[in-house]
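To start, the structure under review is shown below, and the notes come after it.
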There are 2 protein chains.
Amino acid sequence: METKAIVIYDFAAEIGNNELSVREGETITITNQSIGGGWIEARNSRGEVGLVPEDYIEAKEVQSVSSGVNAAPLDLSFFDSHLPTPASTAQVELAQAEAPVTPVTPGFSSTSPDEVPGMPNSMMDSEATHGAPYKCPILETSNGNDPWGAFDNNPSGGFSNDWAAQPEGTETGKNSSNAWQSGGQGHPQAYQGPDFQAFSKSGPELYLLSKQPAKGTKLPIYSGEVGPVWSYPEHQLDCVVADPKKGTKMYGLKSYIEYQVTPTTTNRPVNHRYKHFDWLYERLLDKFGSAIPIPCLPDKQVTGRFEEEFIKMRMERLQGWMLRMCRHPVVSSSDVFQLFVSYKDEKDWKTGKRRAEKDETVGVMIFSTIEPQGVQDLDLTEVEQKCDQFSRFTKAMDDGVKDLLNVGNEHWKRCTGPLPKEYQRIGKAFQNLSSVFNSSGFQGEASLTDALTAAGKTYEEIALMVAEQPKKDLHKLMETNNEYKGLLGCFPDTIAVHKVTPSPYSLRQSFRPKLHTGLMRKCAAIEKVKEGDKLVATSKINPTDKTAMTKRLSVMSYALQAEMSHFHTNRIYDYNLVMQQYLEEQVKFYETIAEKLRHAHSEFTTM
Amino acid sequence: METKAIVIYDFAAEIGNNELSVREGETITITNQSIGGGWIEARNSRGEVGLVPEDYIEAKEVQSVSSGVNAAPLDLSFFDSHLPTPASTAQVELAQAEAPVTPVTPGFSSTSPDEVPGMPNSMMDSEATHGAPYKCPILETSNGNDPWGAFDNNPSGGFSNDWAAQPEGTETGKNSSNAWQSGGQGHPQAYQGPDFQAFSKSGPELYLLSKQPAKGTKLPIYSGEVGPVWSYPEHQLDCVVADPKKGTKMYGLKSYIEYQVTPTTTNRPVNHRYKHFDWLYERLLDKFGSAIPIPCLPDKQVTGRFEEEFIKMRMERLQGWMLRMCRHPVVSSSDVFQLFVSYKDEKDWKTGKRRAEKDETVGVMIFSTIEPQGVQDLDLTEVEQKCDQFSRFTKAMDDGVKDLLNVGNEHWKRCTGPLPKEYQRIGKAFQNLSSVFNSSGFQGEASLTDALTAAGKTYEEIALMVAEQPKKDLHKLMETNNEYKGLLGCFPDTIAVHKVTPSPYSLRQSFRPKLHTGLMRKCAAIEKVKEGDKLVATSKINPTDKTAMTKRLSVMSYALQAEMSHFHTNRIYDYNLVMQQYLEEQVKFYETIAEKLRHAHSEFTTM
C-alpha cells in the first residue's frame, strides 16, 4: 500500500547521493519504507523519486490504537475528556512503540531500536538523518528559539558560523520559525518531544494518583547546606570522547562516524556512533525529563558532515554533553547511562538496550522513585513559590546568557574581521615608509629603517594574534554559554510539569500552540492538586487520594529543588572556571603584545 | 572710485557680525576698503552690503606698472615674451609691494605691513580673515591636495575632525579641488603663492645672470660627512609659544588671540598675534622660498576660532612650526626671524618690519649670498641627477606619509568609535549576568557575582582607555606626519626652481594649469642653463655669462643638497623620536590592560 506523507522541513538533496529535494508542506508518496539508515524512498508530484530523511516527513494517515495509559490501574477516563488531542496522538505514539509495523513518523524513527525484526531500520544511521528538527540551541540564533516565548531583540547571530567554523551549507539557524521543534526547549523532535511524551505517557496525575508501588532504583534527596540535594557519589564518573573514525554502510552509500568513549571507571573504551548518543539522549529524556533538564545533543547536519572541522566540533560538544551527564548523580548512576559507557560486548549492549527501552519508570513516574530524607512535606504555597522562583531565575539567566552570546558574537566578528586588517595596514604603512627612507641615499639611514621595518612587522604579527585570539579565549566562553543556553532551554518544560507558567506559553510561537497550551494547562501538577477539592467533591477521587497528591507534589518540589541546587552548584563552578580561563588568555594576549612592542621600541634611537 | 572684485572662495557670513555671504565667481563691488582687520565692505548684485574677508576676493582691474624685474641691469626682454601672463601679473605683484595705493588683492593683503600710511590695513587681524586659501596640509585630507599631481586613492580622511577635536563648522578638508592653492605645496594662497613670487620677482635667470654684487649676510656651505651642509650654530635656538590671551578690536566687533613667544636666547617673552606669524611666514617665504622649503602655518578658520580646543591646537602647531624654523640654521639666524623672536619694543619691531619688507635679497637672489666652501663646481649632469633624486625621494615620502595618515585616521576612528562601545557591551554583559546570578537566592553566590561585576567594570575601564589612547600616542604620530606632509608639499616648488619635473606638473590639477606649467617650463634654472649655448649663439648673452650661469647653477645645487642633508637629518631624528614616543605609549597601554585583567582574573575561584 502507498503511504502519502507531508514534508515538515525543507530538505536539499546532496548531489550523487540518490536523494530527493523536498519543500516543507509538499505532499509526497512513500515508495519504499525499508531503505533504512533513517531514509525512505519517496516520489514527488513531478514523479521524481529519491531518498528523503525519514524524520523530515509526516505520514498522512494515523491509526488510533488503545493507549498504553490504560495500563495504569486507575481509571483516568475523566482526564481524557480534558486532553483529547494530545492523548490520542500520544496513544498513537505509544502504539507505535509497541506495534511492529506502522507508518513512518519521526517519533517512531528516532525511538525504535535497530534490532526489532521487520521494523524499518530507522536509526541505522542517524548521521544520515537531517538535523533540522534536532536543531540544538547551542548552534542556534536566539531568534525564534525562545522556549520562554519572550521575543528577544538580539541580532540573529551568525555566531556559530563565525565561530564554530562550520562547513558551508550547514543548516544552522534555519527553520528558526519552528521554535517549538527547535532545540530551544531541549526537545529533539517536532511534537514527539519529551514534554509531549511526558504529558501523554505520563501526565503528572499518573504519578500524583498512582497506586502502583514504585519500580526501579530509589533516588534519595537529602537536605544539604544549600537546601535539598541529590545524593552524590564519592567519586564522580568522568569519561573521554575521542578518536573519531569514519565507517560506511549500505555499500558505501551512507557513511558514519564512530567515536571512542572511555569512562574513568573501567578505563575501557567503547565505540558509539552519533545515533547511539542520540538513543541515549532519548532514553534519558524519557526517564528523567520531567525531573531533570536533559540538554539536547549538538545538532546533526547532512551537508559536509564529514569535514574535519565539523567532526572535531561535534566531538568537543559530545564530550561536553557527556561530561555534564557524568556530573549528574542521578543520570550518571542510572543503568542506561552505565550501560552506554561500559557495556561489555555487542550482546551486552543489545540486551541492555532492550531493557532500557522497556523501562516503565519514565516520564513523571520518575518521581515515584524519589525519596526525600528527613524533610517535612511542603504545602502548596511553598511549592508554588519555589517553582515560580526557579522559573524567574532560569528565564532571567537565559536572557543574560543570550545577551552575552550576542555581544561575544559581535566581538568575534570584529576580532577576526576589520581589526586585524587595520593592524596589518598600520604595519604595512610603517614598512612602506621604511623602504622609502631606504631610498634616500642619505647616510646613517639604516638604523631607522631597520627599526621601522621591525615595528611594521610587529604590527603585522599583532594583526595575526588578534585574529587568532578568539579561538583561544572567546571560544570557550561562548561554548560554555551555549551549553547553558541549551540547558536553560530545558527548564520551561521541566518546570511546566510542576506548574503552568502562563505568560510565556501564551506568547510562545508554537508549532501547535493551542494544543500545547491546552496540554500544559491540564498537565501541570500544581494545577492538578488545586483541582483536588473539586475532584473529591465530584467524588472523582477520594480524600486519601487528595492527601496523597499533596504529599507527592511535595516530593516533586523537593526533586525540583535538588535539581536547582545541582544546577546552581555547577553553574557557579563552570562560570568561575570559564571566566578564569578567558581572563587568563586575555592577560597573556595583552602581555605578549606589550612585549612585542617593547622590543620594537628598543630598536629606535635618538642619538 | 568703486572697485569691482571677483570672489575667489565661498564665504559664509557669521550671524550678527556684519558679514556678507559670497560665492566663488560672484562679482561684488567694494564700497569701503579701509575697514581693516583683513576685511573690506562690499555690496553684492542684490544690493546687500557687508564685510567680506579681503583675501577672498580679487580686484578686477589690474594696472600694469613697470616690473621690479627691470631693476636688474640685464635686459630680460627676451624672457618676457615667454612669460607674459605670469610676468605681468607678477609685475603687478611687485608694483603693489611698492605703490602705496592699490586695489585689494590677496597677495597684497598678505604682504602689506600694518604701518604703510594710507594703505588698507589688510592684516590688522588675520584671525578674522578666513582660512580656506591658507588651508594647511596638516589639516587637510590628502585628496585633491597633491602638489605632485599624483592622484592618490586614499579615502578623504575626515581625520583632523576626528583627531584634532575641531569645533564644528571648521572648513577643514573643503575646497580640496583647489589642489594648487591648498597648503599641499605649502602655499598660502591662490596664485599669489610663494612659488609665483619666486618665479616672477625672481625667475632663476635673475640670479644666474645677475651682475650685481650679492647683498646681505653670506651663507656658507661646507662639505660634511653626509655631503654639503649648512653651517650650524653652536647652540641651537629654541623658543616656547605659550599663554594665549584674547583681545578685541574694532569696538569688540573683531577679536584676536595673542601668544607669548619666548626664545631661549633672551628668555624674554614677546607677544605675537597669528597675523604676525603670518607676516613672518610671508617674509621667510619671500626670502628663502627658492632654496629652503618654508612650511605653511597651521590653517586659519573663522568659525569657532575662539573655542579652547582650537586655540590649544593652533598654539601647539605654531610651536611646532617655530621649532622647525628655529632648527634651521639659515632661517633661525636670519635678521627677520631674530627680530620676530627678540624685538626689544614696539619701535624696534616696526623699524625691523619695515627693513625686512624692503629686503631685496629675496626669491632666487638668496642664492647670490650662498658660498660653498672648498667644493668644486658641479657640471650640469650632476646637478640634474641630484635634483631628480631629491624629487623622487620627496615624492615617494609624500606618498608614504599620506598613506600612514590615512591608516592612522582609520584607526583613530575605530579606537574612538565602535571599539570602546564593544568593550563596554562586554562589560555590561558580564555585570548583567552577575546581577542575574545575584537573584538566584542560592548560597555561596557572592564570590562569583562580585568577581563577575569586577570583570565587567574592568572591561568598561578598558573601553575608556581605548577611547582615550589615540590622544596619548596616535596624536603625536599624526601631528609629526602632518607636519612632514606640509614640509614635503613645499619641495615641488623649491625643486622646480632648479628643474622642471614634467610628469607631475602636467598631471597636476592646477588652479591655472597652463599658466603654471608654462611658467615652470621657462623658469627652471637647469633649463635656463641648457638654453645657454643657444643664447650665446643668438648673442643674447656672452660666453662669460654662460660660464657664470653654470657656476651659479652649481651653487644652487649645493644649496639644494645642503637643504636635503638638513631635511634628512631632521627627518631621521623626528621619526626616531615620534616612533619611540608612540611605541612607548602603546606598551604602557597594553601593559595597563593586562594588569587590570590580571586583577580581575584573581577574583575568580574554583574551589
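Ordered as shown in the C-alpha cells, chains take letters A, B, and onward, while each chain numbers its residues from 1 and ligands are numbered from 1 in the order shown.
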
Checklist line | Neighbours of chain B in chain A at 7 Å, counting only C-alpha atoms, as JSON, numbers by chain | finding: {"A": [226, 393, 396, 397, 400, 403, 404, 407, 411, 422, 425, 426, 429, 432, 433, 436, 439, 440, 442, 443, 448, 572, 573, 576, 577, 580, 583, 584, 587, 590, 591, 593, 594, 597, 598, 601, 604, 605, 606]}

Residues from the last selection, C-alpha atoms, saved as an mmCIF file, in the first residue's frame:
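For reference, selection_18.cif as written:
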```cif
data_model
loop_
_atom_site.group_PDB
_atom_site.id
_atom_site.type_symbol
_atom_site.label_atom_id
_atom_site.label_comp_id
_atom_site.auth_asym_id
_atom_site.auth_seq_id
_atom_site.Cartn_x
_atom_site.Cartn_y
_atom_site.Cartn_z
ATOM 1 C CA VAL A 226 22.150 24.767 50.284
ATOM 2 C CA PHE A 393 15.674 32.800 37.609
ATOM 3 C CA ALA A 396 16.467 35.754 33.557
ATOM 4 C CA MET A 397 19.629 33.722 33.137
ATOM 5 C CA GLY A 400 21.617 37.095 30.256
ATOM 6 C CA ASP A 403 22.922 38.719 25.612
ATOM 7 C CA LEU A 404 26.475 37.623 26.334
ATOM 8 C CA VAL A 407 27.989 40.506 22.367
ATOM 9 C CA HIS A 411 33.280 40.812 19.191
ATOM 10 C CA GLU A 422 43.726 47.512 10.332
ATOM 11 C CA ARG A 425 47.623 48.231 7.287
ATOM 12 C CA ILE A 426 49.448 50.035 10.088
ATOM 13 C CA ALA A 429 52.418 51.750 6.334
ATOM 14 C CA ASN A 432 56.380 51.235 3.362
ATOM 15 C CA LEU A 433 57.810 54.384 4.952
ATOM 16 C CA VAL A 436 61.034 54.977 1.148
ATOM 17 C CA SER A 439 65.850 55.078 -0.964
ATOM 18 C CA SER A 440 67.070 58.424 0.358
ATOM 19 C CA PHE A 442 71.447 59.504 2.782
ATOM 20 C CA GLN A 443 73.959 58.198 5.280
ATOM 21 C CA LEU A 448 65.928 53.994 11.465
ATOM 22 C CA ILE A 572 28.969 28.622 39.921
ATOM 23 C CA TYR A 573 31.788 26.220 39.235
ATOM 24 C CA ASN A 576 34.261 30.660 37.724
ATOM 25 C CA LEU A 577 36.272 28.265 35.614
ATOM 26 C CA GLN A 580 39.341 32.297 34.798
ATOM 27 C CA LEU A 583 40.815 36.264 31.511
ATOM 28 C CA GLU A 584 43.995 34.237 31.729
ATOM 29 C CA VAL A 587 46.122 38.661 30.024
ATOM 30 C CA TYR A 590 47.885 41.763 26.016
ATOM 31 C CA GLU A 591 51.160 40.934 27.712
ATOM 32 C CA ILE A 593 51.554 42.422 22.519
ATOM 33 C CA ALA A 594 53.181 44.719 25.074
ATOM 34 C CA LEU A 597 56.031 46.394 21.137
ATOM 35 C CA ARG A 598 58.607 46.882 23.863
ATOM 36 C CA HIS A 601 60.518 50.269 20.718
ATOM 37 C CA PHE A 604 64.649 53.195 17.762
ATOM 38 C CA THR A 605 67.425 55.504 18.833
ATOM 39 C CA THR A 606 67.567 59.263 19.242
#
```

Next item on the list: Give me the residues within 10 Å of Gln373 of chain B as a list in words, counting only C-alpha atoms and dropping any in the same chain fewer than 2 places off.
Entry: Pro220, Ile221, Tyr222, Ser223, Pro228, Ile370, Glu371, Val375 and Gln376 of chain B

Next item on the list: With a distance cut-off of 10 Å and only C-alpha atoms, select the neighbouring residues of Ile495 of chain B, excluding the residue or stretch itself and same-chain residues fewer than 4 positions from it, and output the selection as a PyMOL selection string.
Entry: chain B and resi 290-293+387-388+390-391+394+490-491+499-501+524-525+557+560

Quick one: pick out all strand (DSSP E) residues within segment 249-308 of chain A from a backbone DSSP run and write them as a PDB file with all heavy atoms, in the first residue's frame.
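The file below, part-v4.pdb, is the result:
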```
ATOM      1  N   LYS A 249      28.305   2.300   5.288  1.00  0.00           N
ATOM      2  CA  LYS A 249      27.361   1.181   5.188  1.00  0.00           C
ATOM      3  C   LYS A 249      26.504   1.357   3.941  1.00  0.00           C
ATOM      4  O   LYS A 249      26.674   2.338   3.212  1.00  0.00           O
ATOM      5  CB  LYS A 249      26.499   1.080   6.449  1.00  0.00           C
ATOM      6  CG  LYS A 249      25.711   2.315   6.786  1.00  0.00           C
ATOM      7  CD  LYS A 249      25.146   2.284   8.189  1.00  0.00           C
ATOM      8  CE  LYS A 249      24.911   0.927   8.738  1.00  0.00           C
ATOM      9  NZ  LYS A 249      23.653   0.285   8.268  1.00  0.00           N
ATOM     10  N   LYS A 254      25.953   5.312   2.387  1.00  0.00           N
ATOM     11  CA  LYS A 254      25.856   6.112   3.602  1.00  0.00           C
ATOM     12  C   LYS A 254      27.094   5.862   4.465  1.00  0.00           C
ATOM     13  O   LYS A 254      27.543   4.724   4.563  1.00  0.00           O
ATOM     14  CB  LYS A 254      24.596   5.726   4.392  1.00  0.00           C
ATOM     15  CG  LYS A 254      23.301   5.980   3.629  1.00  0.00           C
ATOM     16  CD  LYS A 254      23.086   7.463   3.435  1.00  0.00           C
ATOM     17  CE  LYS A 254      21.946   7.714   2.434  1.00  0.00           C
ATOM     18  NZ  LYS A 254      22.000   9.089   1.899  1.00  0.00           N
ATOM     19  N   SER A 255      27.593   6.894   5.039  1.00  0.00           N
ATOM     20  CA  SER A 255      28.735   6.684   5.933  1.00  0.00           C
ATOM     21  C   SER A 255      28.475   7.368   7.274  1.00  0.00           C
ATOM     22  O   SER A 255      27.553   8.167   7.413  1.00  0.00           O
ATOM     23  CB  SER A 255      29.999   7.239   5.282  1.00  0.00           C
ATOM     24  OG  SER A 255      29.736   8.456   4.654  1.00  0.00           O
ATOM     25  N   TYR A 256      29.251   6.992   8.262  1.00  0.00           N
ATOM     26  CA  TYR A 256      29.023   7.493   9.620  1.00  0.00           C
ATOM     27  C   TYR A 256      30.353   7.627  10.343  1.00  0.00           C
ATOM     28  O   TYR A 256      31.385   7.155   9.848  1.00  0.00           O
ATOM     29  CB  TYR A 256      28.117   6.528  10.382  1.00  0.00           C
ATOM     30  CG  TYR A 256      28.692   5.144  10.469  1.00  0.00           C
ATOM     31  CD1 TYR A 256      29.580   4.804  11.500  1.00  0.00           C
ATOM     32  CD2 TYR A 256      28.382   4.168   9.521  1.00  0.00           C
ATOM     33  CE1 TYR A 256      30.131   3.540  11.570  1.00  0.00           C
ATOM     34  CE2 TYR A 256      28.936   2.902   9.592  1.00  0.00           C
ATOM     35  CZ  TYR A 256      29.811   2.594  10.617  1.00  0.00           C
ATOM     36  OH  TYR A 256      30.369   1.347  10.682  1.00  0.00           O
ATOM     37  N   ILE A 257      30.306   8.268  11.484  1.00  0.00           N
ATOM     38  CA  ILE A 257      31.497   8.441  12.305  1.00  0.00           C
ATOM     39  C   ILE A 257      31.310   7.709  13.622  1.00  0.00           C
ATOM     40  O   ILE A 257      30.229   7.762  14.210  1.00  0.00           O
ATOM     41  CB  ILE A 257      31.745   9.935  12.605  1.00  0.00           C
ATOM     42  CG1 ILE A 257      31.983  10.715  11.313  1.00  0.00           C
ATOM     43  CG2 ILE A 257      32.943  10.097  13.538  1.00  0.00           C
ATOM     44  CD1 ILE A 257      33.282  10.410  10.613  1.00  0.00           C
ATOM     45  N   GLU A 258      32.333   7.003  14.035  1.00  0.00           N
ATOM     46  CA  GLU A 258      32.282   6.279  15.295  1.00  0.00           C
ATOM     47  C   GLU A 258      33.256   6.925  16.269  1.00  0.00           C
ATOM     48  O   GLU A 258      34.390   7.228  15.891  1.00  0.00           O
ATOM     49  CB  GLU A 258      32.661   4.812  15.073  1.00  0.00           C
ATOM     50  CG  GLU A 258      32.123   3.883  16.124  1.00  0.00           C
ATOM     51  CD  GLU A 258      32.115   2.434  15.622  1.00  0.00           C
ATOM     52  OE1 GLU A 258      33.129   2.014  15.028  1.00  0.00           O
ATOM     53  OE2 GLU A 258      31.098   1.742  15.817  1.00  0.00           O
ATOM     54  N   TYR A 259      32.794   7.201  17.488  1.00  0.00           N
ATOM     55  CA  TYR A 259      33.642   7.833  18.496  1.00  0.00           C
ATOM     56  C   TYR A 259      34.003   6.826  19.577  1.00  0.00           C
ATOM     57  O   TYR A 259      33.248   5.892  19.839  1.00  0.00           O
ATOM     58  CB  TYR A 259      32.921   9.012  19.138  1.00  0.00           C
ATOM     59  CG  TYR A 259      32.501  10.077  18.157  1.00  0.00           C
ATOM     60  CD1 TYR A 259      31.258  10.002  17.528  1.00  0.00           C
ATOM     61  CD2 TYR A 259      33.335  11.148  17.864  1.00  0.00           C
ATOM     62  CE1 TYR A 259      30.855  10.975  16.624  1.00  0.00           C
ATOM     63  CE2 TYR A 259      32.939  12.126  16.962  1.00  0.00           C
ATOM     64  CZ  TYR A 259      31.695  12.043  16.348  1.00  0.00           C
ATOM     65  OH  TYR A 259      31.305  13.007  15.451  1.00  0.00           O
ATOM     66  N   GLN A 260      35.134   7.032  20.208  1.00  0.00           N
ATOM     67  CA  GLN A 260      35.560   6.161  21.288  1.00  0.00           C
ATOM     68  C   GLN A 260      35.230   6.829  22.617  1.00  0.00           C
ATOM     69  O   GLN A 260      35.672   7.956  22.870  1.00  0.00           O
ATOM     70  CB  GLN A 260      37.062   5.927  21.186  1.00  0.00           C
ATOM     71  CG  GLN A 260      37.488   4.546  21.588  1.00  0.00           C
ATOM     72  CD  GLN A 260      38.973   4.355  21.357  1.00  0.00           C
ATOM     73  OE1 GLN A 260      39.772   5.138  21.854  1.00  0.00           O
ATOM     74  NE2 GLN A 260      39.332   3.330  20.607  1.00  0.00           N
ATOM     75  N   VAL A 261      34.446   6.164  23.439  1.00  0.00           N
ATOM     76  CA  VAL A 261      34.057   6.699  24.736  1.00  0.00           C
ATOM     77  C   VAL A 261      34.731   5.877  25.831  1.00  0.00           C
ATOM     78  O   VAL A 261      34.546   4.670  25.905  1.00  0.00           O
ATOM     79  CB  VAL A 261      32.523   6.638  24.920  1.00  0.00           C
ATOM     80  CG1 VAL A 261      32.114   7.220  26.265  1.00  0.00           C
ATOM     81  CG2 VAL A 261      31.822   7.376  23.787  1.00  0.00           C
ATOM     82  N   THR A 262      35.569   6.591  26.641  1.00  0.00           N
ATOM     83  CA  THR A 262      36.280   5.870  27.700  1.00  0.00           C
ATOM     84  C   THR A 262      35.952   6.436  29.073  1.00  0.00           C
ATOM     85  O   THR A 262      36.315   7.583  29.370  1.00  0.00           O
ATOM     86  CB  THR A 262      37.809   5.966  27.469  1.00  0.00           C
ATOM     87  OG1 THR A 262      38.082   5.716  26.096  1.00  0.00           O
ATOM     88  CG2 THR A 262      38.546   4.984  28.348  1.00  0.00           C
ATOM     89  N   PRO A 263      35.232   5.653  29.913  1.00  0.00           N
ATOM     90  CA  PRO A 263      34.889   6.113  31.255  1.00  0.00           C
ATOM     91  C   PRO A 263      36.048   5.907  32.228  1.00  0.00           C
ATOM     92  O   PRO A 263      36.834   4.971  32.062  1.00  0.00           O
ATOM     93  CB  PRO A 263      33.707   5.230  31.634  1.00  0.00           C
ATOM     94  CG  PRO A 263      33.960   3.966  30.901  1.00  0.00           C
ATOM     95  CD  PRO A 263      34.660   4.333  29.633  1.00  0.00           C
ATOM     96  N   VAL A 270      34.670   2.190  24.726  1.00  0.00           N
ATOM     97  CA  VAL A 270      33.593   1.559  23.940  1.00  0.00           C
ATOM     98  C   VAL A 270      33.313   2.474  22.750  1.00  0.00           C
ATOM     99  O   VAL A 270      33.516   3.684  22.835  1.00  0.00           O
ATOM    100  CB  VAL A 270      32.315   1.390  24.781  1.00  0.00           C
ATOM    101  CG1 VAL A 270      32.537   0.388  25.900  1.00  0.00           C
ATOM    102  CG2 VAL A 270      31.831   2.723  25.328  1.00  0.00           C
ATOM    103  N   ASN A 271      32.885   1.880  21.647  1.00  0.00           N
ATOM    104  CA  ASN A 271      32.599   2.673  20.446  1.00  0.00           C
ATOM    105  C   ASN A 271      31.126   3.061  20.374  1.00  0.00           C
ATOM    106  O   ASN A 271      30.250   2.257  20.672  1.00  0.00           O
ATOM    107  CB  ASN A 271      32.979   1.886  19.193  1.00  0.00           C
ATOM    108  CG  ASN A 271      34.484   1.737  19.097  1.00  0.00           C
ATOM    109  OD1 ASN A 271      35.217   2.571  19.647  1.00  0.00           O
ATOM    110  ND2 ASN A 271      34.942   0.691  18.434  1.00  0.00           N
ATOM    111  N   HIS A 272      30.879   4.320  19.967  1.00  0.00           N
ATOM    112  CA  HIS A 272      29.496   4.759  19.780  1.00  0.00           C
ATOM    113  C   HIS A 272      29.403   5.677  18.585  1.00  0.00           C
ATOM    114  O   HIS A 272      30.276   6.507  18.354  1.00  0.00           O
ATOM    115  CB  HIS A 272      29.005   5.497  21.026  1.00  0.00           C
ATOM    116  CG  HIS A 272      28.605   4.584  22.127  1.00  0.00           C
ATOM    117  ND1 HIS A 272      27.609   3.648  22.005  1.00  0.00           N
ATOM    118  CD2 HIS A 272      29.068   4.469  23.393  1.00  0.00           C
ATOM    119  CE1 HIS A 272      27.466   2.997  23.143  1.00  0.00           C
ATOM    120  NE2 HIS A 272      28.348   3.466  24.007  1.00  0.00           N
ATOM    121  N   ARG A 273      28.325   5.516  17.840  1.00  0.00           N
ATOM    122  CA  ARG A 273      28.037   6.446  16.750  1.00  0.00           C
ATOM    123  C   ARG A 273      27.120   7.517  17.293  1.00  0.00           C
ATOM    124  O   ARG A 273      26.533   7.363  18.373  1.00  0.00           O
ATOM    125  CB  ARG A 273      27.364   5.693  15.608  1.00  0.00           C
ATOM    126  CG  ARG A 273      28.274   4.618  15.104  1.00  0.00           C
ATOM    127  CD  ARG A 273      28.062   4.192  13.705  1.00  0.00           C
ATOM    128  NE  ARG A 273      26.726   4.352  13.173  1.00  0.00           N
ATOM    129  CZ  ARG A 273      25.999   3.325  12.736  1.00  0.00           C
ATOM    130  NH1 ARG A 273      26.470   2.096  12.835  1.00  0.00           N
ATOM    131  NH2 ARG A 273      24.828   3.546  12.197  1.00  0.00           N
TER     132      ARG A 273
END
```

Next item on the list: List the neighbours of Tyr9 of chain B out to 7 Å using only C-alpha atoms; skip same-chain residues closer than 5 positions along the sequence, and give me the result as a PyMOL selection string.
Entry: chain B and resi 23-24+56

Produce a table with one row for each residue of segment 268-288 of chain A that has an atom at most 12 Å from any atom of segment 315-328 of chain A, each row naming the nearest atom pair and its distance in Å at one decimal; use only C-alpha atoms; arrange rows by chain and rising residue number; format as a tab-separated table.
```
residue	atom	partner	partner_atom	distance
A:His272	CA	A:Leu318	CA	11.0
A:Arg273	CA	A:Met315	CA	10.8
A:Tyr274	CA	A:Leu318	CA	8.8
A:Lys275	CA	A:Leu318	CA	11.8
A:His276	CA	A:Leu318	CA	11.5
A:Phe277	CA	A:Leu318	CA	8.2
A:Asp278	CA	A:Leu318	CA	10.3
A:Leu280	CA	A:Met322	CA	10.4
A:Tyr281	CA	A:Met325	CA	9.9
A:Leu284	CA	A:Met325	CA	9.5
A:Leu285	CA	A:Met325	CA	11.7
A:Phe288	CA	A:His328	CA	11.3
```

Check: Which of these, B:Thr266, B:Ser332, B:Ser368, B:Ser342, has the shortest distance to Lys218 of chain B once you count only C-alpha atoms?
Finding: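 Of all the options, B:Ser368 lies closest to Lys218 of chain B.
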
Checklist line | Every residue of segment 354-459 of chain A that DSSP places in helix (DSSP H, G or I), as a VMD selection string | finding: chain A and resid 354 to 358 363 to 369 380 to 416 418 to 438 446 to 459

Tell me, as a PDB file with N, CA, C and O atoms, in the first residue's frame, which residues lie within 7 Å of segment 232-234 of chain B, counting only C-alpha atoms; anything in the same chain fewer than 2 positions away does not count.
```pdb
ATOM      1  N   TRP B 230      74.723  73.079   5.560  1.00  0.00           N
ATOM      2  CA  TRP B 230      74.711  74.466   6.018  1.00  0.00           C
ATOM      3  C   TRP B 230      75.653  74.572   7.206  1.00  0.00           C
ATOM      4  O   TRP B 230      76.017  73.553   7.800  1.00  0.00           O
ATOM      5  N   GLN B 236      71.720  75.679  19.383  1.00  0.00           N
ATOM      6  CA  GLN B 236      70.517  75.811  18.558  1.00  0.00           C
ATOM      7  C   GLN B 236      69.483  76.684  19.244  1.00  0.00           C
ATOM      8  O   GLN B 236      69.216  76.515  20.437  1.00  0.00           O
ATOM      9  N   PRO B 329      69.355  76.397  10.467  1.00  0.00           N
ATOM     10  CA  PRO B 329      70.444  77.345  10.735  1.00  0.00           C
ATOM     11  C   PRO B 329      70.289  78.633   9.939  1.00  0.00           C
ATOM     12  O   PRO B 329      70.538  79.719  10.473  1.00  0.00           O
TER      13      PRO B 329
END
```

Quick one: residues within 9 Å of Leu209 of chain A, only C-alpha atoms, excluding same-chain residues fewer than 2 positions away - as a CSV table (one decimal) with C-alpha atoms, in the first residue's frame?
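Okay, this is what ended up in selection-v4.csv:
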```
chain,number,residue,atom,x,y,z
A,74,LEU,CA,-6.5,3.9,37.9
A,204,PRO,CA,1.5,14.3,36.3
A,205,GLU,CA,-1.7,12.8,37.5
A,206,LEU,CA,-0.3,9.5,36.5
A,207,TYR,CA,2.2,9.9,39.4
A,211,LYS,CA,-1.5,3.3,43.2
A,541,ILE,CA,-11.2,10.8,43.8
A,545,ASP,CA,-6.1,10.3,47.0
A,546,LYS,CA,-6.1,14.1,47.6
A,548,ALA,CA,-1.5,11.6,48.5
A,549,MET,CA,-1.5,14.1,45.7
A,552,ARG,CA,3.6,13.7,46.1
```
